[in-house]
Amino acid sequence: MMAPTVFVAQAHYLHAGVVQISLANLLIIVLMITAFVLALVLPFPRGHEDPEGAPDVRN
Amino acid sequence: MSGIEADRIEVRSSRNWTVRLRERIVRTVPRGQWLPDRQPAYVRSWIYVFGVACLAALIVVIASGIALAVEGAGWWHVSALGHFVNSVHLWSVELFFGFMVVHLWGKFFMAAWRGKRALTWITGAIAFVGSIGTAFTGYLSQSNFDSQWIAGQAKDGLNAVGIGSRFNVLNSGQMLLFHVSLLPLIIGVLVVLHIVLVRRHGVVPPFDAEPADYLRTEVRLPSPEPAVLAITPPDQHEIPTPREAVAPVIGSAS
Amino acid sequence: MSTVVRRSRRSPPVTPDSHLFPTRPYDLVKEFVIALGVVLVLSLVLAAVFSSPDRPALSLADWATRAPNDVVATATAELAGTSTSAGYGAPYNSSAPGQKLGPLSLQKWGGVQIPVDSAKDLVLDPLATVTGDPALTKALTTWSAAGADQQAAWAGSYSDALAGAPDGNPAAVAPGAYGPVPVIAGGLLALARSGGLQSQLTGQNNFYSSDQTRPMLLLADGAYLEDQARAEQLGGDQWGMMNESGNYPGQPWMWLYTFWYQVKPFSTSDNADALVWGLMMLLTLVFVLVPFVPGLRSLPKHLRVHRLIWRR
């Protein structure tokens, strides 16, 4: 039987027990977790002053 | 009888369907709340940008999808520009799901369903699941090896529960039409409902928060007088409270 | 003014109306426009740098050229009634009861809505249109004149012989009583190579048909498609639902759906698809109804991640 032609580059996979995940997918998940953590810990910029010049929180 | 109560009776008794519909729309999201230029003081975190980022990604997904639709399902196989547009479509979908899931995590940890916001959570959750289904039909519509393999595998799952003939993943014509018409329409309706509900109820307050917790203090110096706690009433004109809105619009879970 | 009424300690406090809280300026439209710009730039950059996979579809002609022995073996299995599609059950035929979710015969209840007779629809009918091949025509006549038992005996023997031949090579099978089967299987290979088989199976009498059910069933009955997929970690027991051809991210959000297929009892069950689907429907329902699930709905408060969001 002729060897099948492979059209794409080999992908990288990581194995740990029953878990198998592609490097690309793992990277996406890591990026998402990082974004979530950063969103929680990075300070949000303080608001601009009101046009009237008062501090930004208005009751 | 207050003016509001009089209006309420007049609206309910109006035989004019236009009046009743108009008033119902106004009651859904009070005037000034469709696009408010102020948010509660506790809305101060980067976690809040993931909802709008998800929406922005959805717009790029749809725009790139329209470009693919305009040129036809096979365009991206034969054109470099087409392939690029397909890539934009793929990566905007990855961003869409990425932002959506982070938005979901944030909303879970905030228990954002509190304060009669259950329906906001529900519409969002169904939109998430619906998006997975929509993306699935997209993968089936690639007209390449992946489509073949995914279709062959998915048919087993759907046939196993008896719905494979209604939703025949081996019929690329049916799957493409689901992908570009029916499913985006359903997602669109869910997203609109979800956003209207967010506008209606506002952003969920923190656990155990009280408005008084966020009152601004005004310290006048120098003065022998003690610091004065300045309390001004809520600005009713800009942000009318929903208690002025009458009956809930969407079911009873508002 | 706050309208919160503190109830007894047992009932949860009422969430105050968000509109009662002091406010700060917030530009929603500017935020949206910035988000749109950022996402657009990100999408364009990612598309330009990483592109997207496009592994060409396998045509039946490709299959016949690259794995001819597999085509012959598959054609024989169709005739013998031993192929996957032949023994599938609903919605294609009644050969098998199909999968069950506990006592519920969901697959069978779906009914035979897409009837496919594997031997007739996938092999014999397409070959019947071939002209100019008297040996093939005679073989088809011999086949249709024979009884079902005789057909099964011929096809079964040839199937075993192919399995025993080196590389499944039809030219190397041991002599035996195979009747017209070798000629028919060889005829299907030739038709596939010519490109005619695919249009026969898809087109039927419809020039515009977009329904690839039949060619896909035939292709999936062979080993070649699956071999190609498994080489790229796309198989069901390889977390394939999450993966993509090549070095690309796939569908990471499918992680939980595909997880169950990797572990018992699902990994060894004949009803795996039905069981996993049932379980995922249940979990999805719980997910959608989190606001009403005691315990789950009060988890966020105890986890205290919210203290990072609402810092004072």
# chains A, B, ... in the order shown; residues from 1 in each chain; ligands from 1
$ residues_around --residues "range 84-87 of chain B" --least-positions-apart "4" --cutoff "6 Å" --atoms "only C-alpha atoms" --output "list in words"
Ala47, Ser51 and Ser52 of chain C
$ interface_residues --of "chain C" --to "chain A" --cutoff "7 Å" --atoms "only C-alpha atoms" --output "PyMOL selection string"
chain C and resi 22-25+55+66-67+69+167+238-239+246-250+252+262+308-309
$ write_last_selection --atoms "N, CA and C atoms" --output "mmCIF file, in the first residue's frame"
data_model
loop_
_atom_site.group_PDB
_atom_site.id
_atom_site.type_symbol
_atom_site.label_atom_id
_atom_site.label_comp_id
_atom_site.auth_asym_id
_atom_site.auth_seq_id
_atom_site.Cartn_x
_atom_site.Cartn_y
_atom_site.Cartn_z
ATOM 1 N N PRO C 22 -24.115 55.157 44.527
ATOM 2 C CA PRO C 22 -23.376 56.280 43.937
ATOM 3 C C PRO C 22 -22.686 55.824 42.655
ATOM 4 N N THR C 23 -22.498 56.783 41.752
ATOM 5 C CA THR C 23 -21.996 56.426 40.429
ATOM 6 C C THR C 23 -20.703 57.137 40.106
ATOM 7 N N ARG C 24 -20.064 56.663 39.034
ATOM 8 C CA ARG C 24 -18.910 57.363 38.513
ATOM 9 C C ARG C 24 -19.033 57.393 36.994
ATOM 10 N N PRO C 25 -18.353 58.317 36.350
ATOM 11 C CA PRO C 25 -18.478 58.381 34.886
ATOM 12 C C PRO C 25 -17.944 57.091 34.257
ATOM 13 N N ARG C 55 -6.431 21.311 5.303
ATOM 14 C CA ARG C 55 -6.045 20.032 4.727
ATOM 15 C C ARG C 55 -7.130 19.607 3.743
ATOM 16 N N ARG C 66 -4.438 6.209 -3.218
ATOM 17 C CA ARG C 66 -3.464 6.071 -2.128
ATOM 18 C C ARG C 66 -3.630 4.792 -1.323
ATOM 19 N N ALA C 67 -4.842 4.273 -1.286
ATOM 20 C CA ALA C 67 -5.078 3.065 -0.483
ATOM 21 C C ALA C 67 -6.008 2.114 -1.233
ATOM 22 N N ASN C 69 -6.011 -1.091 -1.753
ATOM 23 C CA ASN C 69 -6.365 -2.330 -1.068
ATOM 24 C C ASN C 69 -7.484 -2.108 -0.068
ATOM 25 N N ASP C 167 -0.424 -7.215 3.045
ATOM 26 C CA ASP C 167 -0.882 -5.848 2.758
ATOM 27 C C ASP C 167 -2.322 -5.777 2.284
ATOM 28 N N GLN C 238 -8.361 10.016 21.573
ATOM 29 C CA GLN C 238 -7.156 10.830 21.587
ATOM 30 C C GLN C 238 -7.504 12.288 21.927
ATOM 31 N N TRP C 239 -8.631 12.469 22.595
ATOM 32 C CA TRP C 239 -9.132 13.814 22.862
ATOM 33 C C TRP C 239 -9.369 14.557 21.546
ATOM 34 N N GLY C 246 -2.731 19.674 12.118
ATOM 35 C CA GLY C 246 -1.545 20.511 12.189
ATOM 36 C C GLY C 246 -1.341 21.126 13.555
ATOM 37 N N ASN C 247 -0.532 22.145 13.606
ATOM 38 C CA ASN C 247 -0.121 22.764 14.860
ATOM 39 C C ASN C 247 -1.040 23.919 15.233
ATOM 40 N N TYR C 248 -2.338 23.709 15.129
ATOM 41 C CA TYR C 248 -3.295 24.785 15.370
ATOM 42 C C TYR C 248 -4.124 24.508 16.609
ATOM 43 N N PRO C 249 -4.575 25.584 17.285
ATOM 44 C CA PRO C 249 -5.530 25.351 18.365
ATOM 45 C C PRO C 249 -6.820 24.830 17.749
ATOM 46 N N GLY C 250 -7.473 24.014 18.499
ATOM 47 C CA GLY C 250 -8.711 23.440 17.987
ATOM 48 C C GLY C 250 -9.900 24.028 18.704
ATOM 49 N N PRO C 252 -10.783 24.087 22.343
ATOM 50 C CA PRO C 252 -10.506 23.772 23.748
ATOM 51 C C PRO C 252 -11.780 23.717 24.600
ATOM 52 N N GLN C 262 -12.472 9.297 27.409
ATOM 53 C CA GLN C 262 -11.137 8.795 27.738
ATOM 54 C C GLN C 262 -11.152 7.903 28.964
ATOM 55 N N LEU C 308 -11.204 40.303 45.085
ATOM 56 C CA LEU C 308 -10.236 40.922 44.182
ATOM 57 C C LEU C 308 -10.928 41.868 43.210
ATOM 58 N N ILE C 309 -12.167 41.542 42.855
ATOM 59 C CA ILE C 309 -12.906 42.356 41.887
ATOM 60 C C ILE C 309 -13.399 43.641 42.541
#
$ closest_atom_pairs --of "chain B" --to "chain A" --cutoff "9 Å" --atoms "only C-alpha atoms" --output "tab-separated table"
residue	atom	partner	partner_atom	distance
B:Pro40	CA	A:Val57	CA	8.7
B:Ala41	CA	A:Val57	CA	6.4
B:Arg44	CA	A:Phe44	CA	6.0
B:Ser45	CA	A:Phe44	CA	5.2
B:Trp46	CA	A:Ala39	CA	4.7
B:Ile47	CA	A:Ala39	CA	5.0
B:Tyr48	CA	A:Ala39	CA	8.5
B:Val49	CA	A:Ala39	CA	8.8
B:Glu94	CA	A:Ile28	CA	8.6
B:Gly98	CA	A:Met32	CA	6.2
B:Phe99	CA	A:Met32	CA	7.8
B:Val101	CA	A:Met32	CA	8.2
B:Val102	CA	A:Phe36	CA	5.9
B:His103	CA	A:Phe36	CA	8.5
B:Trp105	CA	A:Phe36	CA	8.0
B:Gly106	CA	A:Phe36	CA	7.8
B:Pro211	CA	A:Asn59	CA	8.9
B:Tyr214	CA	A:Asn59	CA	8.1
B:Leu215	CA	A:Asn59	CA	6.2
B:Arg216	CA	A:Val57	CA	6.5
B:Ile231	CA	A:Asn59	CA	7.1
B:Thr232	CA	A:Asn59	CA	5.8
B:Pro233	CA	A:Asn59	CA	6.5
B:Pro234	CA	A:Asn59	CA	5.6
B:Asp235	CA	A:Asn59	CA	7.2
$ interface_residues --of "chain C" --to "chain B" --cutoff "6 Å" --atoms "only C-alpha atoms" --output "PyMOL selection string"
chain C and resi 15+18-19+21-27+35-36+39+43-44+47+51-52+55-57+99+106-107+110+113+210-213+273-274+288+291+300+306+309
